[in-house]
$ cat input-v4.pdb   # PDB, C-alpha atoms, pLDDT in the B column
ATOM      1  CA  GLN A  18     -55.151  95.710  29.573  1.00 81.00           C
ATOM      2  CA  GLU A  19     -56.348  99.234  28.898  1.00 88.00           C
ATOM      3  CA  GLN A  20     -57.994 100.160  25.605  1.00 95.00           C
ATOM      4  CA  LEU A  21     -58.038 103.813  24.605  1.00 97.00           C
ATOM      5  CA  VAL A  22     -60.300 105.275  21.948  1.00 97.00           C
ATOM      6  CA  GLU A  23     -59.884 108.858  20.748  1.00 97.00           C
ATOM      7  CA  SER A  24     -62.566 110.961  19.129  1.00 97.00           C
ATOM      8  CA  GLY A  25     -63.257 114.565  18.305  1.00 97.00           C
ATOM      9  CA  GLY A  26     -60.795 115.219  15.527  1.00 97.00           C
ATOM     10  CA  GLY A  27     -61.795 116.884  12.312  1.00 97.00           C
ATOM     11  CA  LEU A  28     -61.464 119.925  10.098  1.00 97.00           C
ATOM     12  CA  VAL A  29     -61.478 123.403  11.567  1.00 98.00           C
ATOM     13  CA  GLN A  30     -60.432 126.847  10.417  1.00 98.00           C
ATOM     14  CA  ALA A  31     -57.406 128.558  11.881  1.00 98.00           C
ATOM     15  CA  GLY A  32     -58.348 130.257  15.110  1.00 98.00           C
ATOM     16  CA  GLY A  33     -61.065 127.729  15.791  1.00 98.00           C
ATOM     17  CA  SER A  34     -61.431 125.112  18.507  1.00 98.00           C
ATOM     18  CA  LEU A  35     -61.744 121.369  18.857  1.00 98.00           C
ATOM     19  CA  ARG A  36     -62.174 119.124  21.853  1.00 98.00           C
ATOM     20  CA  LEU A  37     -60.567 115.717  21.695  1.00 98.00           C
ATOM     21  CA  SER A  38     -61.781 112.920  23.932  1.00 98.00           C
ATOM     22  CA  CYS A  39     -60.119 109.664  24.883  1.00 98.00           C
ATOM     23  CA  ALA A  40     -62.246 106.989  26.504  1.00 98.00           C
ATOM     24  CA  ALA A  41     -60.600 104.194  28.469  1.00 97.00           C
ATOM     25  CA  SER A  42     -62.152 100.779  28.828  1.00 94.00           C
ATOM     26  CA  GLY A  43     -60.458  99.466  31.945  1.00 81.00           C
ATOM     27  CA  ARG A  44     -61.380  99.770  35.588  1.00 81.00           C
ATOM     28  CA  THR A  45     -58.145 101.385  36.674  1.00 91.00           C
ATOM     29  CA  PHE A  46     -58.241 104.623  34.706  1.00 94.00           C
ATOM     30  CA  SER A  47     -57.624 106.752  37.774  1.00 94.00           C
ATOM     31  CA  SER A  48     -54.338 104.935  38.390  1.00 94.00           C
ATOM     32  CA  TYR A  49     -52.756 106.168  35.143  1.00 96.00           C
ATOM     33  CA  VAL A  50     -51.053 109.388  34.265  1.00 97.00           C
ATOM     34  CA  MET A  51     -52.664 110.346  30.978  1.00 98.00           C
ATOM     35  CA  GLY A  52     -50.969 112.112  28.120  1.00 98.00           C
ATOM     36  CA  TRP A  53     -51.637 113.503  24.687  1.00 98.00           C
ATOM     37  CA  PHE A  54     -49.083 113.252  21.909  1.00 98.00           C
ATOM     38  CA  ARG A  55     -49.159 114.197  18.261  1.00 98.00           C
ATOM     39  CA  GLN A  56     -47.381 113.028  15.167  1.00 97.00           C
ATOM     40  CA  ALA A  57     -46.924 114.388  11.685  1.00 94.00           C
ATOM     41  CA  PRO A  58     -46.038 112.089   8.783  1.00 91.00           C
ATOM     42  CA  SER A  59     -42.364 111.116   8.821  1.00 89.00           C
ATOM     43  CA  ASN A  60     -41.899 112.775  12.204  1.00 93.00           C
ATOM     44  CA  GLU A  61     -41.451 111.357  15.667  1.00 95.00           C
ATOM     45  CA  ARG A  62     -44.386 111.370  18.023  1.00 97.00           C
ATOM     46  CA  GLU A  63     -44.130 114.467  20.197  1.00 97.00           C
ATOM     47  CA  PHE A  64     -45.473 115.271  23.611  1.00 98.00           C
ATOM     48  CA  VAL A  65     -48.374 117.702  23.945  1.00 98.00           C
ATOM     49  CA  ALA A  66     -49.740 117.495  27.495  1.00 98.00           C
ATOM     50  CA  ALA A  67     -49.977 115.276  30.559  1.00 98.00           C
ATOM     51  CA  ILE A  68     -52.268 115.167  33.558  1.00 98.00           C
ATOM     52  CA  SER A  69     -51.846 113.678  37.005  1.00 97.00           C
ATOM     53  CA  LEU A  70     -53.936 110.870  38.493  1.00 96.00           C
ATOM     54  CA  SER A  71     -56.337 113.252  40.225  1.00 95.00           C
ATOM     55  CA  GLY A  72     -56.302 115.845  37.472  1.00 96.00           C
ATOM     56  CA  VAL A  73     -54.972 118.570  39.748  1.00 96.00           C
ATOM     57  CA  SER A  74     -51.617 118.844  37.988  1.00 97.00           C
ATOM     58  CA  THR A  75     -51.024 119.384  34.299  1.00 98.00           C
ATOM     59  CA  TYR A  76     -47.981 119.871  32.101  1.00 98.00           C
ATOM     60  CA  TYR A  77     -47.717 121.190  28.536  1.00 98.00           C
ATOM     61  CA  THR A  78     -45.206 121.543  25.788  1.00 98.00           C
ATOM     62  CA  ASP A  79     -44.373 125.201  25.205  1.00 97.00           C
ATOM     63  CA  SER A  80     -46.007 125.437  21.789  1.00 96.00           C
ATOM     64  CA  VAL A  81     -49.496 124.756  23.153  1.00 97.00           C
ATOM     65  CA  LYS A  82     -49.378 126.579  26.486  1.00 97.00           C
ATOM     66  CA  GLY A  83     -52.249 129.010  26.780  1.00 97.00           C
ATOM     67  CA  ARG A  84     -54.099 127.392  23.863  1.00 98.00           C
ATOM     68  CA  PHE A  85     -54.644 123.758  24.895  1.00 98.00           C
ATOM     69  CA  THR A  86     -56.112 122.405  28.130  1.00 98.00           C
ATOM     70  CA  ILE A  87     -55.930 118.805  29.281  1.00 98.00           C
ATOM     71  CA  SER A  88     -58.491 117.522  31.758  1.00 98.00           C
ATOM     72  CA  ARG A  89     -59.854 114.217  32.934  1.00 98.00           C
ATOM     73  CA  ASP A  90     -63.031 112.732  34.364  1.00 97.00           C
ATOM     74  CA  ASN A  91     -62.220 109.687  36.476  1.00 96.00           C
ATOM     75  CA  VAL A  92     -65.898 108.763  36.724  1.00 95.00           C
ATOM     76  CA  LYS A  93     -66.333 108.683  32.960  1.00 96.00           C
ATOM     77  CA  ASN A  94     -62.852 107.195  32.408  1.00 97.00           C
ATOM     78  CA  THR A  95     -62.138 109.915  29.886  1.00 98.00           C
ATOM     79  CA  VAL A  96     -59.353 112.388  29.260  1.00 98.00           C
ATOM     80  CA  TYR A  97     -59.902 115.498  27.162  1.00 98.00           C
ATOM     81  CA  LEU A  98     -57.809 117.923  25.188  1.00 98.00           C
ATOM     82  CA  GLN A  99     -59.478 121.268  24.590  1.00 98.00           C
ATOM     83  CA  MET A 100     -57.681 122.982  21.733  1.00 98.00           C
ATOM     84  CA  ASN A 101     -58.313 126.679  21.144  1.00 98.00           C
ATOM     85  CA  ASN A 102     -56.822 129.158  18.696  1.00 98.00           C
ATOM     86  CA  LEU A 103     -55.762 126.336  16.434  1.00 98.00           C
ATOM     87  CA  LYS A 104     -53.018 126.933  13.893  1.00 97.00           C
ATOM     88  CA  PRO A 105     -52.256 125.141  10.629  1.00 96.00           C
ATOM     89  CA  GLU A 106     -49.155 123.635  12.247  1.00 95.00           C
ATOM     90  CA  ASP A 107     -51.447 121.831  14.713  1.00 96.00           C
ATOM     91  CA  SER A 108     -52.654 119.713  11.774  1.00 97.00           C
ATOM     92  CA  VAL A 109     -51.432 116.248  12.719  1.00 97.00           C
ATOM     93  CA  VAL A 110     -52.686 113.006  14.246  1.00 98.00           C
ATOM     94  CA  TYR A 111     -53.289 113.180  17.989  1.00 98.00           C
ATOM     95  CA  TYR A 112     -52.859 110.183  20.287  1.00 98.00           C
ATOM     96  CA  CYS A 113     -53.796 109.678  23.896  1.00 98.00           C
ATOM     97  CA  ALA A 114     -51.732 107.428  26.109  1.00 98.00           C
ATOM     98  CA  ALA A 115     -51.798 105.934  29.593  1.00 97.00           C
ATOM     99  CA  ALA A 116     -48.798 105.527  31.848  1.00 97.00           C
ATOM    100  CA  THR A 117     -48.623 103.133  34.756  1.00 94.00           C
ATOM    101  CA  VAL A 118     -47.413 104.928  37.863  1.00 90.00           C
ATOM    102  CA  SER A 119     -44.980 103.023  40.064  1.00 82.00           C
ATOM    103  CA  TYR A 120     -44.384 105.910  42.411  1.00 82.00           C
ATOM    104  CA  SER A 121     -44.939 109.630  42.422  1.00 84.00           C
ATOM    105  CA  ARG A 122     -42.998 111.662  39.867  1.00 88.00           C
ATOM    106  CA  GLU A 123     -43.248 115.111  38.429  1.00 92.00           C
ATOM    107  CA  LEU A 124     -45.269 115.278  35.246  1.00 94.00           C
ATOM    108  CA  ASN A 125     -42.266 116.375  33.197  1.00 93.00           C
ATOM    109  CA  TYR A 126     -41.109 112.751  33.564  1.00 94.00           C
ATOM    110  CA  TYR A 127     -43.992 111.753  31.291  1.00 96.00           C
ATOM    111  CA  THR A 128     -42.947 113.668  28.184  1.00 97.00           C
ATOM    112  CA  ASN A 129     -41.372 110.665  26.473  1.00 96.00           C
ATOM    113  CA  THR A 130     -43.336 108.004  24.629  1.00 97.00           C
ATOM    114  CA  ASP A 131     -41.444 105.213  26.382  1.00 96.00           C
ATOM    115  CA  LYS A 132     -43.080 106.133  29.698  1.00 96.00           C
ATOM    116  CA  TYR A 133     -46.498 105.103  28.413  1.00 97.00           C
ATOM    117  CA  ASN A 134     -47.940 101.597  28.388  1.00 96.00           C
ATOM    118  CA  TYR A 135     -51.116 102.000  26.349  1.00 96.00           C
ATOM    119  CA  TRP A 136     -51.977 104.020  23.263  1.00 98.00           C
ATOM    120  CA  GLY A 137     -55.071 104.927  21.333  1.00 97.00           C
ATOM    121  CA  GLN A 138     -55.381 104.644  17.577  1.00 97.00           C
ATOM    122  CA  GLY A 139     -55.171 108.377  16.944  1.00 97.00           C
ATOM    123  CA  THR A 140     -57.501 111.043  15.642  1.00 97.00           C
ATOM    124  CA  GLN A 141     -56.719 113.417  12.789  1.00 98.00           C
ATOM    125  CA  VAL A 142     -56.899 117.166  13.208  1.00 98.00           C
ATOM    126  CA  ILE A 143     -56.787 119.418  10.150  1.00 98.00           C
ATOM    127  CA  VAL A 144     -56.574 123.172  10.543  1.00 97.00           C
ATOM    128  CA  SER A 145     -57.166 125.173   7.390  1.00 97.00           C
ATOM    129  CA  SER A 146     -55.597 128.584   6.938  1.00 92.00           C
TER     130      SER A 146
END

$ encode --input "input-v4.pdb" --output "structure tokens"
Amino acid sequence: QEQLVESGGGLVQAGGSLRLSCAASGRTFSSYVMGWFRQAPSNEREFVAAISLSGVSTYYTDSVKGRFTISRDNVKNTVYLQMNNLKPEDSVVYYCAAATVSYSRELNYYTNTDKYNYWGQGTQVIVSS
């Protein structure tokens, strides 16, 4: 069982930056593809970014390309989401998730919530205009 705990959310002005962290409790962190999703009230949870087991490969939804960066530290069992040039429409709850990897796939396979086995509790981001 993997437990994920997000942190780093908060209030920021438009154009500002935040760094979200997601700490995993298990011993097999490096065996998971990690992803970030976000969800607005009454909306479906949407994909933001994913990162490969080693951290070499990353994949982003178009709306955050060039602004957000996903990274991971397999020693600290932590995945990060650096968010720059934040916009009011980025104001939602952000969730990290871990996906068990059966065999190698391209990261675009991991854009759906049903590919992930474990989820954090979410962290709120509010961007003021």

$ atom_distance --input "input-v4.pdb" --atom1 "atom CA of Asp90 of chain A" --atom2 "atom CA of Ala40 of chain A"
9.8 Å

$ residues_around --input "input-v4.pdb" --residues "segment 119-129 of chain A" --least-positions-apart "5" --cutoff "10 Å" --atoms "all atoms listed in the file" --output "short mmCIF file (atom, residue, chain, number, x, y, z; two decimals) with C-alpha atoms, keeping the file's coordinate frame"
data_model
loop_
_atom_site.label_atom_id
_atom_site.label_comp_id
_atom_site.auth_asym_id
_atom_site.auth_seq_id
_atom_site.Cartn_x
_atom_site.Cartn_y
_atom_site.Cartn_z
CA SER A 48 -54.34 104.94 38.39
CA TYR A 49 -52.76 106.17 35.14
CA VAL A 50 -51.05 109.39 34.26
CA MET A 51 -52.66 110.35 30.98
CA GLY A 52 -50.97 112.11 28.12
CA TRP A 53 -51.64 113.50 24.69
CA PHE A 54 -49.08 113.25 21.91
CA ARG A 62 -44.39 111.37 18.02
CA GLU A 63 -44.13 114.47 20.20
CA PHE A 64 -45.47 115.27 23.61
CA VAL A 65 -48.37 117.70 23.94
CA ALA A 66 -49.74 117.50 27.50
CA ALA A 67 -49.98 115.28 30.56
CA ILE A 68 -52.27 115.17 33.56
CA SER A 69 -51.85 113.68 37.01
CA LEU A 70 -53.94 110.87 38.49
CA SER A 74 -51.62 118.84 37.99
CA THR A 75 -51.02 119.38 34.30
CA TYR A 76 -47.98 119.87 32.10
CA TYR A 77 -47.72 121.19 28.54
CA THR A 78 -45.21 121.54 25.79
#

$ closest_residue --input "input-v4.pdb" --among "A:Leu21, A:Ala41, A:Val96, A:Val81" --to "Gly139 of chain A" --atoms "only C-alpha atoms"
A:Leu21

$ resolve_selection --input "input-v4.pdb" --expression "the PyMOL selection byres ((chain A and resi 113) around 7)" --output "list in words"
Glu23, Cys39, Gly52, Trp53, Phe54, Tyr111, Tyr112, Ala114, Trp136 and Gly137 of chain A

$ residues_near_point --input "input-v4.pdb" --point "(-52.6, 124.5, 7.3)" --cutoff "10 Å" --atoms "only C-alpha atoms" --output "list of chain:residue names"
A:Val29, A:Gln30, A:Ala31, A:Leu103, A:Lys104, A:Pro105, A:Glu106, A:Asp107, A:Ser108, A:Val109, A:Ile143, A:Val144, A:Ser145, A:Ser146

$ closest_residue --input "input-v4.pdb" --among "A:Asn94, A:Ser34, A:Asn134, A:Asn102" --to "Lys82 of chain A" --atoms "all atoms listed in the file"
A:Asn102

$ atom_distance --input "input-v4.pdb" --atom1 "atom CA of Thr86 of chain A" --atom2 "atom CA of Arg44 of chain A"
24.4 Å

$ residues_around --input "input-v4.pdb" --residues "Leu35 of chain A" --least-positions-apart "3" --cutoff "8 Å" --atoms "all atoms listed in the file" --output "list in words"
Gly25, Gly26, Gly27, Val29, Gln99, Met100 and Asn101 of chain A

$ build_atoms --input "input-v4.pdb" --residues "segment 96-120 of chain A" --atoms "N, CA, C and O atoms" --output "CSV table (one decimal), keeping the file's coordinate frame"
chain,number,residue,atom,x,y,z
A,96,VAL,N,-60.2,111.2,29.2
A,96,VAL,CA,-59.4,112.4,29.3
A,96,VAL,C,-59.7,113.2,28.0
A,96,VAL,O,-60.0,112.7,27.0
A,97,TYR,N,-59.5,114.6,28.2
A,97,TYR,CA,-59.9,115.5,27.2
A,97,TYR,C,-58.7,116.4,26.8
A,97,TYR,O,-57.8,116.6,27.6
A,98,LEU,N,-58.8,116.9,25.6
A,98,LEU,CA,-57.8,117.9,25.2
A,98,LEU,C,-58.6,119.0,24.5
A,98,LEU,O,-59.1,118.8,23.4
A,99,GLN,N,-58.8,120.1,25.2
A,99,GLN,CA,-59.5,121.3,24.6
A,99,GLN,C,-58.4,122.1,23.9
A,99,GLN,O,-57.5,122.5,24.5
A,100,MET,N,-58.6,122.3,22.6
A,100,MET,CA,-57.7,123.0,21.7
A,100,MET,C,-58.3,124.2,21.2
A,100,MET,O,-59.3,124.2,20.4
A,101,ASN,N,-57.8,125.4,21.6
A,101,ASN,CA,-58.3,126.7,21.1
A,101,ASN,C,-57.3,127.4,20.3
A,101,ASN,O,-56.1,127.1,20.3
A,102,ASN,N,-57.7,128.4,19.5
A,102,ASN,CA,-56.8,129.2,18.7
A,102,ASN,C,-55.9,128.2,17.9
A,102,ASN,O,-54.7,128.4,17.8
A,103,LEU,N,-56.5,127.3,17.2
A,103,LEU,CA,-55.8,126.3,16.4
A,103,LEU,C,-55.0,127.0,15.3
A,103,LEU,O,-55.5,127.9,14.6
A,104,LYS,N,-53.9,126.4,15.0
A,104,LYS,CA,-53.0,126.9,13.9
A,104,LYS,C,-52.8,125.8,12.9
A,104,LYS,O,-52.9,124.6,13.2
A,105,PRO,N,-52.5,126.2,11.6
A,105,PRO,CA,-52.3,125.1,10.6
A,105,PRO,C,-51.2,124.1,11.1
A,105,PRO,O,-51.3,122.9,10.7
A,106,GLU,N,-50.2,124.6,11.8
A,106,GLU,CA,-49.2,123.6,12.2
A,106,GLU,C,-49.6,122.6,13.3
A,106,GLU,O,-48.9,121.7,13.7
A,107,ASP,N,-50.9,122.8,13.8
A,107,ASP,CA,-51.4,121.8,14.7
A,107,ASP,C,-52.1,120.7,13.9
A,107,ASP,O,-52.6,119.7,14.6
A,108,SER,N,-52.0,120.7,12.6
A,108,SER,CA,-52.7,119.7,11.8
A,108,SER,C,-51.8,118.4,11.7
A,108,SER,O,-50.9,118.3,10.9
A,109,VAL,N,-52.1,117.5,12.6
A,109,VAL,CA,-51.4,116.2,12.7
A,109,VAL,C,-52.4,115.2,13.3
A,109,VAL,O,-53.5,115.6,13.7
A,110,VAL,N,-51.9,114.0,13.5
A,110,VAL,CA,-52.7,113.0,14.2
A,110,VAL,C,-52.4,113.1,15.7
A,110,VAL,O,-51.2,113.2,16.1
A,111,TYR,N,-53.4,113.1,16.5
A,111,TYR,CA,-53.3,113.2,18.0
A,111,TYR,C,-53.6,111.8,18.6
A,111,TYR,O,-54.6,111.1,18.3
A,112,TYR,N,-52.7,111.5,19.6
A,112,TYR,CA,-52.9,110.2,20.3
A,112,TYR,C,-53.0,110.4,21.8
A,112,TYR,O,-52.2,111.3,22.3
A,113,CYS,N,-53.8,109.7,22.4
A,113,CYS,CA,-53.8,109.7,23.9
A,113,CYS,C,-53.0,108.4,24.4
A,113,CYS,O,-52.9,107.4,23.6
A,114,ALA,N,-52.5,108.5,25.6
A,114,ALA,CA,-51.7,107.4,26.1
A,114,ALA,C,-51.9,107.4,27.6
A,114,ALA,O,-52.2,108.4,28.3
A,115,ALA,N,-51.7,106.2,28.2
A,115,ALA,CA,-51.8,105.9,29.6
A,115,ALA,C,-50.5,105.4,30.1
A,115,ALA,O,-49.9,104.5,29.5
A,116,ALA,N,-50.1,105.9,31.2
A,116,ALA,CA,-48.8,105.5,31.8
A,116,ALA,C,-49.1,104.9,33.2
A,116,ALA,O,-49.7,105.6,34.1
A,117,THR,N,-48.6,103.7,33.4
A,117,THR,CA,-48.6,103.1,34.8
A,117,THR,C,-47.7,103.9,35.7
A,117,THR,O,-46.6,104.2,35.3
A,118,VAL,N,-48.2,104.2,36.9
A,118,VAL,CA,-47.4,104.9,37.9
A,118,VAL,C,-46.9,104.0,38.9
A,118,VAL,O,-47.7,103.4,39.7
A,119,SER,N,-45.6,103.9,39.0
A,119,SER,CA,-45.0,103.0,40.1
A,119,SER,C,-44.9,103.8,41.4
A,119,SER,O,-45.1,103.3,42.4
A,120,TYR,N,-44.4,105.0,41.3
A,120,TYR,CA,-44.4,105.9,42.4
A,120,TYR,C,-44.4,107.3,41.9
A,120,TYR,O,-44.3,107.6,40.7
